[in-house]
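Student: Below you will find the structure I want to go over with you.
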Amino acid sequence: MLSKDLPGPKGKPIVGNMFEVDINNLHNQLSDWVDEYGDVFNLNLGLTNMLIVAKPSMIDYIQKNRPTLFRRMDKLNNVLKEEGISGVFNAEGEEWKRHRMMVAKGLDIKHQIAFFPWMMTVTDRLKRKWQKDVKEQGAFSIQDDFLRYTVDVSTNLAFGKEMNTLEERQGAIQDDMEKVFPMIFKRINQPIPWYKWFKSKADKEYNAATDRLQEFVDDVITSTKQKLHDNPSLKENPQNFLEAIIVAAEEDQHFNDADIRSNLLTLLLAGEDTTAHTLTWAITLLNDQPEVIAKAREEVDRVLGEHQTVTRFEQLQQLEYIGAVINEVMRLKPVAPITLYQPNEDVEVEGVKIPKDSRMLLHLRKSATMEEHFSRAGEFVPERWIKAKSQCPVHNTAAYNPFGGGPRYCPGANLALTEMKLVLAMLFKNFDFKLETNVEDIKEIMAFTMMASDFKVSFTPRKNNH
Ligand code: HEM
């Protein structure tokens with residue numbers, strides 16, 4: 001059957017469901033429609049149709065056949081290109097393979113181990129900041145701390161800059177970065193790109209922010225090139241992602257300065273919000289879970305001993321329960337619940353004929369929250385991820401894709417998991433915390449990544465800290 005002939009919400013004549021779609025709540029709206037029309041359905045957007053796929057086997061097929069059969073949605077690619085970004089996230093075909101190889105090298109396990117001492121430093125700073133907050137302020141907004149934590153980690157990984165936006169609040173590039181994703185999401189969802197002709201205040205602020213980011217990145221590239229020129233021996237053993245890609249670019253004539261800049265910006269953007277928002281969701285989900293917190297504490301006390309934070313890379317492996325907590329947070333609150341693609345040619349998947357260039361949306365979250373794939377699907381049960389302890393017989397990992405899948409699986413997944421384990425282990429070891437906002441009032445906001453509406457939390461030193 002042709003994808004546009006599949007069942008779907010009825011909509012109005014001519015405009016279809018175009019004006020019904022609530023962009024900032026799109027993932028939940030689509031989720032409700034899956035319940036009504038099934039895990040593959042058509043959304044009529046008036047001038048165009050969009051195929052919605054929430055079926056794990058189809059999602060798997062589509063992800064495995066990228067970039068050959070499917071590409072990122074052109075509109076997203078175009079909005080990124082307007083900002084001069086043509087890196088691994090939006091490249092396709094052979095070009096993508098080259099970008100991907102370079103980025104994967106910069107994020108491999110060897111670099112992560114070398115980078116680990118810095119991650120411990122930043123985790124320590126976060127602990128210090130929270131200890132100060134306990135004394136000096138009451139309830140505070142924790143999202144901002146997590147965003148600054150991930151900026152301080154990513155900027156050093158990306159280009160060796162030891163930033164301390166956590167403790168020195170002024171002039172943080174995080175302020176500019178946080179304008180980027182919401183605007184990209186807004187622009188890809190505008191039926192007519194008005195911003196090209198009429199710039200609102202938000203458009204102007206966004207343009208100024210992206211200009212500053214580009215300038216910041218260009219300065220770092222220039223100074224790193226000079227450093228490599230002055231110390232050619234550094235080329236043998238690059239210290240960070242930027243040094244590694246500059247050296248690689250000297251050997252690969254296809255890779256130019258614009259590619260280097262694009263991938264640096266991509267890494268900063270892809271690595272910041274995603275990890276920070278996942279940590280934020282963890283706080284909201286752990287709020288009423290004294291048993292989970294007690295088990296996590298038993299684990300950190302055992303693994304960390306008398307230390308207040310993780311001190312050795314090998315300890316990360318031993319934090320099995322905290323790893324399960326993170327999996328469970330990403331099952332219920334994946335920060336990338338939906339992704340957008342287009343087929344490069346006419347394709348048939350499980351009997352659905354999808355025409356070349358038509359629009360497709362994969363709903364990555366839906367199946368992970370369905371009883372047919374996970375027992376007690378709506379509950380927060382970290383034990384389900386530990387085979388020996390699980391009492392949840394239905395556990396279909398094929399329905400769980402928080403980091404995507406196939407060749408374009410998130411190359412930053414391990415880095416993100418390390419950051420999250422470091423932060424949560426430090427939190428459980430040192431602090432008690434409490435939401436000061438009603439959990440029902442914390443809303444999911446879809447702004448490219450799925451973030452939480454602002455909420456307040458209060459910290460106190462942990463009682464009975466060993
Ligand atoms: C909890 C944290 C994270 C989550 C949930 C996450 C999720 C994802 C997902 C779902 C994709 C696939 C999107 C698609 O293909 O449609 C992706 C791709 C990507 N992620 Fe992550 N990510 C996280 C952290 C990071 C970090 C820390 C970095 C880098 C430092 C990173 C860099 C990238 C890049 C470069 C891609 C594009 C890969 C490609 O297209 O080949 N991510 N991520």
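By convention in this document, the chains of the structure tokens carry letters A, B, ... by their order, each chain's residues are numbered from 1, and ligands are numbered from 1 in the order they are shown.
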Which residues are near ligand 1 - at most 6 Å, using only C-alpha atoms and all ligand atoms? Format: as a list in words.
Tutor: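 Those residues are Val88, Phe89, Arg100, Leu267, Ala270, Gly271, Thr274, Thr275, Thr278, Val335, Ala336, Thr339, Pro402, Phe403, Gly404, Arg408, Tyr409, Cys410, Pro411, Gly412, Ala413, Leu415 and Ala416 of chain A.
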Student: Mind writing the picked residues with C-alpha atoms as a PDB file, in the first residue's frame?
Tutor:
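part_26.pdb, written as the output of this step:
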ATOM      1  CA  VAL A  88      28.761  14.491  10.282  1.00  0.00           C
ATOM      2  CA  PHE A  89      25.177  15.052  11.468  1.00  0.00           C
ATOM      3  CA  ARG A 100      31.987   9.902  10.391  1.00  0.00           C
ATOM      4  CA  LEU A 267      30.073  18.046  18.399  1.00  0.00           C
ATOM      5  CA  ALA A 270      25.061  17.367  19.710  1.00  0.00           C
ATOM      6  CA  GLY A 271      26.889  16.693  22.955  1.00  0.00           C
ATOM      7  CA  THR A 274      21.220  15.796  24.907  1.00  0.00           C
ATOM      8  CA  THR A 275      23.266  14.774  27.936  1.00  0.00           C
ATOM      9  CA  THR A 278      18.779  13.476  30.158  1.00  0.00           C
ATOM     10  CA  VAL A 335      15.702  13.410  24.605  1.00  0.00           C
ATOM     11  CA  ALA A 336      15.464  12.439  20.918  1.00  0.00           C
ATOM     12  CA  THR A 339      13.722  11.767  14.056  1.00  0.00           C
ATOM     13  CA  PRO A 402      17.507   6.334  22.621  1.00  0.00           C
ATOM     14  CA  PHE A 403      20.801   6.657  20.722  1.00  0.00           C
ATOM     15  CA  GLY A 404      19.365   5.782  17.294  1.00  0.00           C
ATOM     16  CA  ARG A 408      24.472   6.469  12.181  1.00  0.00           C
ATOM     17  CA  TYR A 409      24.154   5.322  15.783  1.00  0.00           C
ATOM     18  CA  CYS A 410      25.175   8.161  18.120  1.00  0.00           C
ATOM     19  CA  PRO A 411      28.998   8.303  18.178  1.00  0.00           C
ATOM     20  CA  GLY A 412      28.870  10.173  21.508  1.00  0.00           C
ATOM     21  CA  ALA A 413      26.866   7.503  23.372  1.00  0.00           C
ATOM     22  CA  LEU A 415      30.920   9.721  26.337  1.00  0.00           C
ATOM     23  CA  ALA A 416      27.380  10.671  27.371  1.00  0.00           C
TER      24      ALA A 416
END
Student: Near Arg261 in chain A, counting only C-alpha atoms, which residues have an atom at most 8 Å away, once you skip same-chain residues fewer than 2 positions from it, shown as an NGL selection string?
Tutor: :A and (85 or 214 or 217-218 or 221 or 257-259 or 263-265)
Student: Applying 10 Å and only C-alpha atoms, which residues near range 61-68 of chain A remain after dropping the ones on its own chain fewer than 5 positions away? List them as a compact mmCIF listing (two decimals) with N, CA and C atoms, in the first residue's frame.
Tutor:
# COMPACT_ATOMS: atom_id res chain seq x y z
N VAL A 53 6.25 6.32 11.64
CA VAL A 53 6.62 4.92 11.90
C VAL A 53 7.00 4.75 13.36
N PRO A 56 8.99 -1.20 15.72
CA PRO A 56 10.43 -1.45 15.87
C PRO A 56 11.10 -2.10 14.66
N ALA A 91 25.75 15.43 6.85
CA ALA A 91 26.34 14.98 5.58
C ALA A 91 25.66 13.67 5.15
N GLU A 92 25.75 13.37 3.86
CA GLU A 92 25.14 12.12 3.35
C GLU A 92 26.15 11.41 2.44
N GLY A 93 25.85 10.17 2.10
CA GLY A 93 26.64 9.42 1.12
C GLY A 93 28.12 9.29 1.50
N GLU A 94 28.98 9.39 0.45
CA GLU A 94 30.43 9.22 0.67
C GLU A 94 30.99 10.30 1.59
N TRP A 96 29.50 11.70 4.07
CA TRP A 96 29.21 11.32 5.47
C TRP A 96 30.24 10.32 5.98
N LYS A 97 30.61 9.34 5.13
CA LYS A 97 31.57 8.32 5.58
C LYS A 97 32.86 8.96 6.05
N TYR A 341 13.33 11.81 8.37
CA TYR A 341 14.11 11.37 7.20
C TYR A 341 13.33 11.49 5.90
N PRO A 343 13.34 9.16 1.92
CA PRO A 343 14.01 8.10 1.14
C PRO A 343 14.70 8.67 -0.10
N ASN A 344 15.85 8.08 -0.46
CA ASN A 344 16.60 8.54 -1.64
C ASN A 344 16.01 7.99 -2.93
N GLU A 345 15.18 6.94 -2.81
CA GLU A 345 14.53 6.34 -3.99
C GLU A 345 13.19 5.75 -3.53
N VAL A 349 8.86 -1.01 2.44
CA VAL A 349 9.25 -1.59 3.73
C VAL A 349 8.02 -2.25 4.34
N GLU A 350 8.10 -3.55 4.58
CA GLU A 350 6.99 -4.33 5.16
C GLU A 350 5.66 -4.01 4.48
N LEU A 362 10.29 8.94 12.37
CA LEU A 362 10.38 7.74 13.20
C LEU A 362 10.08 8.15 14.63
N GLY A 404 19.51 6.10 18.71
CA GLY A 404 19.36 5.78 17.29
C GLY A 404 19.85 4.37 17.01
N GLY A 405 20.19 4.09 15.76
CA GLY A 405 20.63 2.74 15.41
C GLY A 405 21.28 2.71 14.05
N GLY A 406 21.83 1.54 13.68
CA GLY A 406 22.47 1.39 12.37
C GLY A 406 23.77 2.17 12.29
N PRO A 407 24.27 2.39 11.05
CA PRO A 407 25.57 3.06 10.88
C PRO A 407 25.63 4.46 11.48
N ARG A 408 24.46 5.10 11.66
CA ARG A 408 24.47 6.47 12.18
C ARG A 408 24.12 6.51 13.67
N TYR A 409 24.33 5.38 14.32
CA TYR A 409 24.15 5.32 15.78
C TYR A 409 25.00 6.44 16.41
Student: For each of A:Arg98, A:Phe216, A:Asn25, A:Lys353, take the minimum atom-to-atom distance to Ile338 in chain A, counting only C-alpha atoms, then give the residue where this is smallest.
Tutor: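 Among the listed residues, the smallest separation from Ile338 in chain A belongs to A:Asn25.
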Student: Kindly assemble as a Markdown table a list of the range 223-297 of chain A residues that lie within 8 Å of range 147-151 of chain A, each paired with its nearest atom pair and their distance in Å to one decimal, using only C-alpha atoms, sorted first by chain and then by ascending residue number.
Tutor:
| residue | atom | partner | partner_atom | distance |
| --- | --- | --- | --- | --- |
| A:Leu268 | CA | A:Val151 | CA | 7.4 |
| A:Gly271 | CA | A:Thr150 | CA | 7.2 |
| A:Glu272 | CA | A:Thr150 | CA | 5.2 |
| A:Asp273 | CA | A:Leu147 | CA | 6.5 |
| A:Thr275 | CA | A:Thr150 | CA | 7.0 |
| A:Ala276 | CA | A:Leu147 | CA | 5.1 |
| A:His277 | CA | A:Leu147 | CA | 7.8 |
Student: Might you pull out every residue within 12 Å of Arg128 in chain A, with only C-alpha atoms counted and same-chain residues fewer than 6 positions away left off, and present them as a list in words?
Tutor: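 Near Arg128 in chain A, the qualifying residues are Thr121, Val122, Val134, Lys135, Asp145, Leu166, Glu167, Gln308, Thr309, Met426, Leu427, Asn430, Phe431 and Pro461 of chain A.
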Student: What is the distance between CA of Ile14 in chain A and CA of Glu348 in chain A, in Å to one decimal?
Tutor: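 Computed distance, CA of Ile14 in chain A to CA of Glu348 in chain A, equals 27.1 Å.
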Student: Return the single residue from A:Glu83, A:Asp32, A:Asp39, A:Glu236 that is closest to Pro7 in chain A, with distances computed using only C-alpha atoms.
Tutor: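 Ranking A:Glu83, A:Asp32, A:Asp39, A:Glu236 by distance to Pro7 in chain A, first place goes to A:Asp39.
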Student: For Glu95 in chain A, list every protein, DNA or RNA residue within 10 Å, evaluated using only C-alpha atoms, and leave out those in the same chain fewer than 5 positions away; present the list as a VMD selection string.
Tutor: chain A and resid 86 to 88 90 100 254 to 255
Student: Could those residues be written to a file, using C-alpha atoms, as a tab-separated table (two decimals), in the first residue's frame?
Tutor:
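out.tsv was written with the following content:
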chain	number	residue	atom	x	y	z
A	86	SER	CA	27.87	20.71	7.01
A	87	GLY	CA	29.30	18.11	9.35
A	88	VAL	CA	28.76	14.49	10.28
A	90	ASN	CA	23.89	16.41	8.15
A	100	ARG	CA	31.99	9.90	10.39
A	254	HIS	CA	38.79	16.45	0.67
A	255	PHE	CA	38.68	17.86	4.20
Student: If I take CA of Gly84 in chain A and CA of Lys196 in chain A, how far is one from the other in Å, to one decimal?
Tutor: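 So the two atoms, CA of Gly84 in chain A and CA of Lys196 in chain A, lie 15.2 Å apart.
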Student: Taking only C-alpha atoms into account, which of A:Asn17, A:Thr155, A:Ser233, A:Asn28 comes nearest Met450 in chain A?
Tutor: A:Asn28
Student: Near Thr311 in chain A, within 12 Å and counting only C-alpha atoms, which residues show up once chain neighbours fewer than 2 positions away are dropped, as a PDB file with N, CA and C atoms, in the first residue's frame?
Tutor:
ATOM      1  N   PHE A 116      39.559  11.352  30.609  1.00  0.00           N
ATOM      2  CA  PHE A 116      38.848  11.086  31.862  1.00  0.00           C
ATOM      3  C   PHE A 116      39.230  12.023  33.019  1.00  0.00           C
ATOM      4  N   PRO A 117      40.538  12.344  33.208  1.00  0.00           N
ATOM      5  CA  PRO A 117      40.898  13.230  34.319  1.00  0.00           C
ATOM      6  C   PRO A 117      40.155  14.575  34.256  1.00  0.00           C
ATOM      7  N   TRP A 118      39.971  15.075  33.026  1.00  0.00           N
ATOM      8  CA  TRP A 118      39.243  16.346  32.905  1.00  0.00           C
ATOM      9  C   TRP A 118      37.783  16.171  33.338  1.00  0.00           C
ATOM     10  N   MET A 119      37.190  15.059  32.983  1.00  0.00           N
ATOM     11  CA  MET A 119      35.789  14.848  33.364  1.00  0.00           C
ATOM     12  C   MET A 119      35.666  14.772  34.890  1.00  0.00           C
ATOM     13  N   MET A 120      36.681  14.222  35.538  1.00  0.00           N
ATOM     14  CA  MET A 120      36.644  14.177  37.009  1.00  0.00           C
ATOM     15  C   MET A 120      36.761  15.588  37.575  1.00  0.00           C
ATOM     16  N   THR A 121      37.614  16.414  36.932  1.00  0.00           N
ATOM     17  CA  THR A 121      37.761  17.806  37.398  1.00  0.00           C
ATOM     18  C   THR A 121      36.421  18.541  37.322  1.00  0.00           C
ATOM     19  N   THR A 123      33.437  17.258  37.243  1.00  0.00           N
ATOM     20  CA  THR A 123      32.484  16.676  38.200  1.00  0.00           C
ATOM     21  C   THR A 123      32.750  17.234  39.603  1.00  0.00           C
ATOM     22  N   ASP A 124      34.011  17.400  39.911  1.00  0.00           N
ATOM     23  CA  ASP A 124      34.378  17.963  41.205  1.00  0.00           C
ATOM     24  C   ASP A 124      33.886  19.405  41.343  1.00  0.00           C
ATOM     25  N   VAL A 300      27.193   3.043  45.103  1.00  0.00           N
ATOM     26  CA  VAL A 300      28.282   4.043  45.095  1.00  0.00           C
ATOM     27  C   VAL A 300      29.154   3.905  46.336  1.00  0.00           C
ATOM     28  N   VAL A 303      31.437   0.964  45.593  1.00  0.00           N
ATOM     29  CA  VAL A 303      32.413   1.137  44.507  1.00  0.00           C
ATOM     30  C   VAL A 303      33.377   2.305  44.794  1.00  0.00           C
ATOM     31  N   LEU A 304      32.858   3.396  45.332  1.00  0.00           N
ATOM     32  CA  LEU A 304      33.713   4.576  45.524  1.00  0.00           C
ATOM     33  C   LEU A 304      34.516   4.529  46.824  1.00  0.00           C
ATOM     34  N   GLY A 305      34.072   3.693  47.767  1.00  0.00           N
ATOM     35  CA  GLY A 305      34.776   3.619  49.058  1.00  0.00           C
ATOM     36  C   GLY A 305      34.703   4.962  49.762  1.00  0.00           C
ATOM     37  N   GLU A 306      35.864   5.432  50.254  1.00  0.00           N
ATOM     38  CA  GLU A 306      35.838   6.681  51.045  1.00  0.00           C
ATOM     39  C   GLU A 306      35.809   7.926  50.149  1.00  0.00           C
ATOM     40  N   HIS A 307      35.947   7.729  48.805  1.00  0.00           N
ATOM     41  CA  HIS A 307      35.966   8.901  47.911  1.00  0.00           C
ATOM     42  C   HIS A 307      34.551   9.443  47.670  1.00  0.00           C
ATOM     43  N   GLN A 308      34.507  10.736  47.343  1.00  0.00           N
ATOM     44  CA  GLN A 308      33.201  11.382  47.154  1.00  0.00           C
ATOM     45  C   GLN A 308      32.762  11.389  45.693  1.00  0.00           C
ATOM     46  N   THR A 309      33.684  11.046  44.797  1.00  0.00           N
ATOM     47  CA  THR A 309      33.348  10.965  43.366  1.00  0.00           C
ATOM     48  C   THR A 309      34.082   9.755  42.779  1.00  0.00           C
ATOM     49  N   PHE A 313      38.686   5.158  35.981  1.00  0.00           N
ATOM     50  CA  PHE A 313      37.852   4.829  34.815  1.00  0.00           C
ATOM     51  C   PHE A 313      37.181   3.456  34.984  1.00  0.00           C
ATOM     52  N   GLU A 314      37.908   2.482  35.538  1.00  0.00           N
ATOM     53  CA  GLU A 314      37.375   1.112  35.685  1.00  0.00           C
ATOM     54  C   GLU A 314      36.132   1.090  36.585  1.00  0.00           C
ATOM     55  N   GLN A 315      36.018   2.057  37.495  1.00  0.00           N
ATOM     56  CA  GLN A 315      34.851   2.056  38.395  1.00  0.00           C
ATOM     57  C   GLN A 315      33.540   2.230  37.631  1.00  0.00           C
ATOM     58  N   LEU A 316      33.630   2.865  36.455  1.00  0.00           N
ATOM     59  CA  LEU A 316      32.398   3.113  35.690  1.00  0.00           C
ATOM     60  C   LEU A 316      31.692   1.803  35.369  1.00  0.00           C
ATOM     61  N   LEU A 422      29.172   9.702  36.054  1.00  0.00           N
ATOM     62  CA  LEU A 422      29.983  10.515  36.961  1.00  0.00           C
ATOM     63  C   LEU A 422      29.098  11.448  37.791  1.00  0.00           C
ATOM     64  N   ALA A 425      26.634   9.406  40.237  1.00  0.00           N
ATOM     65  CA  ALA A 425      27.361   8.785  41.355  1.00  0.00           C
ATOM     66  C   ALA A 425      27.735   9.863  42.379  1.00  0.00           C
ATOM     67  N   MET A 426      28.207  11.009  41.886  1.00  0.00           N
ATOM     68  CA  MET A 426      28.581  12.099  42.795  1.00  0.00           C
ATOM     69  C   MET A 426      27.347  12.626  43.541  1.00  0.00           C
TER      70      MET A 426
END
Student: Could you pull out all residues of range 39-223 of chain A with a DSSP call of alpha helix (DSSP H) and give them as a ChimeraX atom specification?
Tutor: /A:56-64,74-82,93-106,109-136,142-159,173-177,180-188,201-223
Student: Choose the residue, out of A:His395, A:Ile354, A:Gly8, A:Leu69, that has the smallest atom-to-atom separation from Asn44 in chain A; count only C-alpha atoms.
Tutor: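 Ranking A:His395, A:Ile354, A:Gly8, A:Leu69 by distance to Asn44 in chain A, first place goes to A:Gly8.
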